[in-house]
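See below for the structure under consideration.
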Amino acid sequence: MALAFDDFGRPFIILREQESKSRLRGLDAHKANVAAGKAVARSLRTSLGPKGMDKILQSPDGDVTITNDGATILEQMDVDNQIAKLMVELSRSQDYEIGDGTTGVVVLDGSLLEQAEKLLERGIHPIRIAEGYEMASKIAFDHLEHISTRFEFTAANIEPLVQTCMTTLSSKIVNRCKRMLAEIAVRAVLAVADLERKDVNLDLIKVEGKVGGKLEDTELIYGIAVDKDMSHPQMPKRIEDANIAILTCPFEPPKPKTKHKVDIDTVEKFQTMRGQEQKYFDEMVQKCKDVGATLVICQWGFDDEANHLLMQRNLPAVRWVGGVELELIAIATG
């Protein structure tokens, strides 16, 4: 190794032994990969199970995350090795497919690699070991079928589901009110589940977090919670048996699309124009009243004059509601 300087006086190192270096092959390469996999599994092993401990992770920006969820820990970990990256993918796909057991799959994976290492040292070919694991997984699968028990549940008797749900919450931070949260989760899923088709559209369940209050204040609302106020403070806050009109168009007098210039030189002309706008808007409000709507939910905003008119006509309105929420409201109200 030699040290040299370039024209600007910056040092750089010349390596002479570069050509004599060789890359890892055969058993050494296998062992290096197994060691990387074992290292990832070892870091997660302590957070497994009900007595597992949480990990504190600090991101490069200095944000601190405390969690014992395997997928989250691996997402935040900065891994360079290819095998370690595969482990992260494994945990992510487990989270996506099943939603639980993210730590378990990685720890199991690490143990399988550990056992495979002993077989490699005896000179068994890696493909043979892989085939053995394939056969073992079939046997394990059949045995699981053999020892499993079936839980029968109906929409009236949800206790088996709640018990099952409580076991998954034991290792989480919310375990002090797991009974209540398990019941909320089960009822929420059953509300949107299609039991005949055995299908659940989880996009129909929305989790809203609110600052303040305590964990015990969590409640399940059958319906849709949209965090908006009525557009006018004097509109009624509570409407029973509402007929809702959902508008995706702006609820205000039309504006020309092209660039335009209106010359108004007398008060009368202005009055005429204002009267025309008001008449147009009056018709819009009247159309909503004619179809029997008692509440208008609008995706866009409307100006104060429109607001005042709606107030006079006793038509409560909510403005600036997102498109996704509008779709959910449409699904929920049929």
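Ordering of the structure tokens sets the chain letters (A, B, ...); residue numbers start at 1 within each chain; ligands are numbered from 1 in the order shown.
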
Got a sec: who's within 8 Å of Leu169 in chain A, counting only C-alpha atoms, leaving out chain neighbours fewer than 4 positions off, as a PDB file with C-alpha atoms, in the first residue's frame?
```pdb
ATOM      1  CA  CYS A 165     -58.266 -11.511  18.821  1.00  0.00           C
ATOM      2  CA  VAL A 174     -52.546  -1.816  24.160  1.00  0.00           C
ATOM      3  CA  ASN A 175     -52.724  -5.046  26.174  1.00  0.00           C
ATOM      4  CA  LYS A 178     -57.234  -5.752  25.053  1.00  0.00           C
ATOM      5  CA  ALA A 182     -60.670  -6.928  20.636  1.00  0.00           C
TER       6      ALA A 182
END
```

* Enumerate as a PyMOL selection string all residues of range 122-242 of chain A assigned to helix (DSSP H, G or I) by DSSP on the backbone, naming them with the chain letters and numbers the document uses. => chain A and resi 126-147+159-169+173-192+202-204+215-217

Selection export as a compact mmCIF listing (two decimals), in the first residue's frame, atoms kept: C-alpha atoms:
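To be explicit, this is the file written out as out06.txt:
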```txt
# COMPACT_ATOMS: atom_id res chain seq x y z
CA PRO A 126 -27.42 -26.99 -0.54
CA ILE A 127 -30.12 -28.19 -2.99
CA ARG A 128 -30.45 -31.44 -1.01
CA ILE A 129 -30.96 -29.41 2.18
CA ALA A 130 -33.58 -27.24 0.46
CA GLU A 131 -35.45 -30.35 -0.72
CA GLY A 132 -35.36 -31.70 2.82
CA TYR A 133 -36.89 -28.50 4.14
CA GLU A 134 -39.62 -28.70 1.46
CA MET A 135 -40.52 -32.22 2.61
CA ALA A 136 -40.41 -31.16 6.25
CA SER A 137 -42.78 -28.25 5.57
CA LYS A 138 -45.31 -30.67 3.99
CA ILE A 139 -45.15 -32.96 7.04
CA ALA A 140 -45.48 -29.97 9.40
CA PHE A 141 -48.43 -28.68 7.40
CA ASP A 142 -50.26 -32.03 7.60
CA HIS A 143 -49.57 -32.22 11.33
CA LEU A 144 -50.98 -28.72 11.85
CA GLU A 145 -54.16 -29.76 10.02
CA HIS A 146 -54.31 -32.79 12.32
CA ILE A 147 -53.96 -30.91 15.65
CA GLU A 159 -66.95 -14.77 21.82
CA PRO A 160 -64.59 -17.25 20.01
CA LEU A 161 -63.47 -14.45 17.68
CA VAL A 162 -62.90 -12.04 20.58
CA GLN A 163 -60.81 -14.66 22.43
CA THR A 164 -58.71 -15.24 19.30
CA CYS A 165 -58.27 -11.51 18.82
CA MET A 166 -57.18 -11.02 22.44
CA THR A 167 -54.29 -13.48 22.08
CA THR A 168 -52.80 -11.38 19.26
CA LEU A 169 -53.04 -8.19 21.33
CA ILE A 173 -48.72 -1.88 23.98
CA VAL A 174 -52.55 -1.82 24.16
CA ASN A 175 -52.72 -5.05 26.17
CA ARG A 176 -54.21 -3.31 29.24
CA CYS A 177 -57.52 -2.84 27.43
CA LYS A 178 -57.23 -5.75 25.05
CA ARG A 179 -60.74 -7.05 25.85
CA MET A 180 -62.39 -3.78 24.80
CA LEU A 181 -60.21 -3.30 21.70
CA ALA A 182 -60.67 -6.93 20.64
CA GLU A 183 -64.45 -6.52 20.78
CA ILE A 184 -64.24 -3.26 18.78
CA ALA A 185 -62.04 -4.93 16.14
CA VAL A 186 -64.30 -7.99 15.81
CA ARG A 187 -67.49 -5.91 15.59
CA ALA A 188 -65.90 -3.60 13.01
CA VAL A 189 -64.83 -6.50 10.79
CA LEU A 190 -68.19 -8.28 11.11
CA ALA A 191 -69.97 -5.04 10.15
CA VAL A 192 -68.27 -5.02 6.73
CA LEU A 202 -60.81 -3.81 5.02
CA ASP A 203 -60.76 -0.50 3.10
CA LEU A 204 -64.25 0.09 4.48
CA LEU A 215 -57.10 4.67 25.43
CA GLU A 216 -60.34 3.68 27.15
CA ASP A 217 -62.21 6.40 25.22
```

* Asked: Which residues, written as a PyMOL selection string, have at least one atom at most 7 Å from range 218-229 of chain A, with only C-alpha atoms counted and residues fewer than 4 positions away on the same chain left out?
  -> chain A and resi 184+318+329+332

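Among A:Leu328, A:Val296, A:Met235, A:Val291, the residue with the shortest atom-to-atom distance to His308 in chain A, counting only C-alpha atoms, is A:Met235.
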
* Glu305 in chain A surroundings by only C-alpha atoms, 12 Å radius, close-in-sequence under 2 positions cut, as a ChimeraX atom specification -> /A:231-232,251-253,274,277-278,281-282,301-303,307-312

* Structure fact -> What separates CA of Thr333 in chain A and CA of Phe153 in chain A is a distance of 27.9 Å

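Closest approach to Ser43 in chain A from the set A:Ile331, A:Val211, A:Met77, A:Met230 is made by A:Met77, with distances taken over only C-alpha atoms.
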
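For range 62-224 of chain A, a DSSP pass over the backbone yields strand (DSSP E or B) at A:Val64, A:Thr65, A:Ile66, A:Thr67, A:Ala193, A:Asp194, A:Asp199, A:Val200.
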
* To do: Using only C-alpha atoms, pick whichever of A:Asn81, A:Asp290, A:Ala2, A:Glu75 has the shortest atom-to-atom distance to Leu15 in chain A.
  => A:Ala2

* Structure fact -> Residue with the minimum atom-to-atom distance to Ile98 in chain A, picked from A:Ala245, A:Ala330, A:Ala71, A:Leu113 with only C-alpha atoms counted, is A:Ala71

* Among listed residues A:Gly70, A:Tyr280, A:Ser148, A:Ile264, nearest Gly99 in chain A (using only C-alpha atoms) -> A:Gly70

* Asked: What is the CA of Thr149 in chain A-CA of Ala193 in chain A distance in Å, reported with one decimal?
  -> 22.5 Å

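If you look at CA of Leu247 in chain A and CA of Glu325 in chain A, they are 12.3 Å away from each other.
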
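Omitting Ala32 in chain A and its sequence neighbours fewer than 2 positions away, and counting only C-alpha atoms, the residues within 12 Å are Arg23, Leu24, Arg25, Gly26, Leu27, Asp28, Ala29, His30, Val34, Ala35, Ala36, Gly37, Lys38, Ala39, Asn81, Gln82, Ile83, Ala84, Leu113, Glu114 and Glu117 of chain A.
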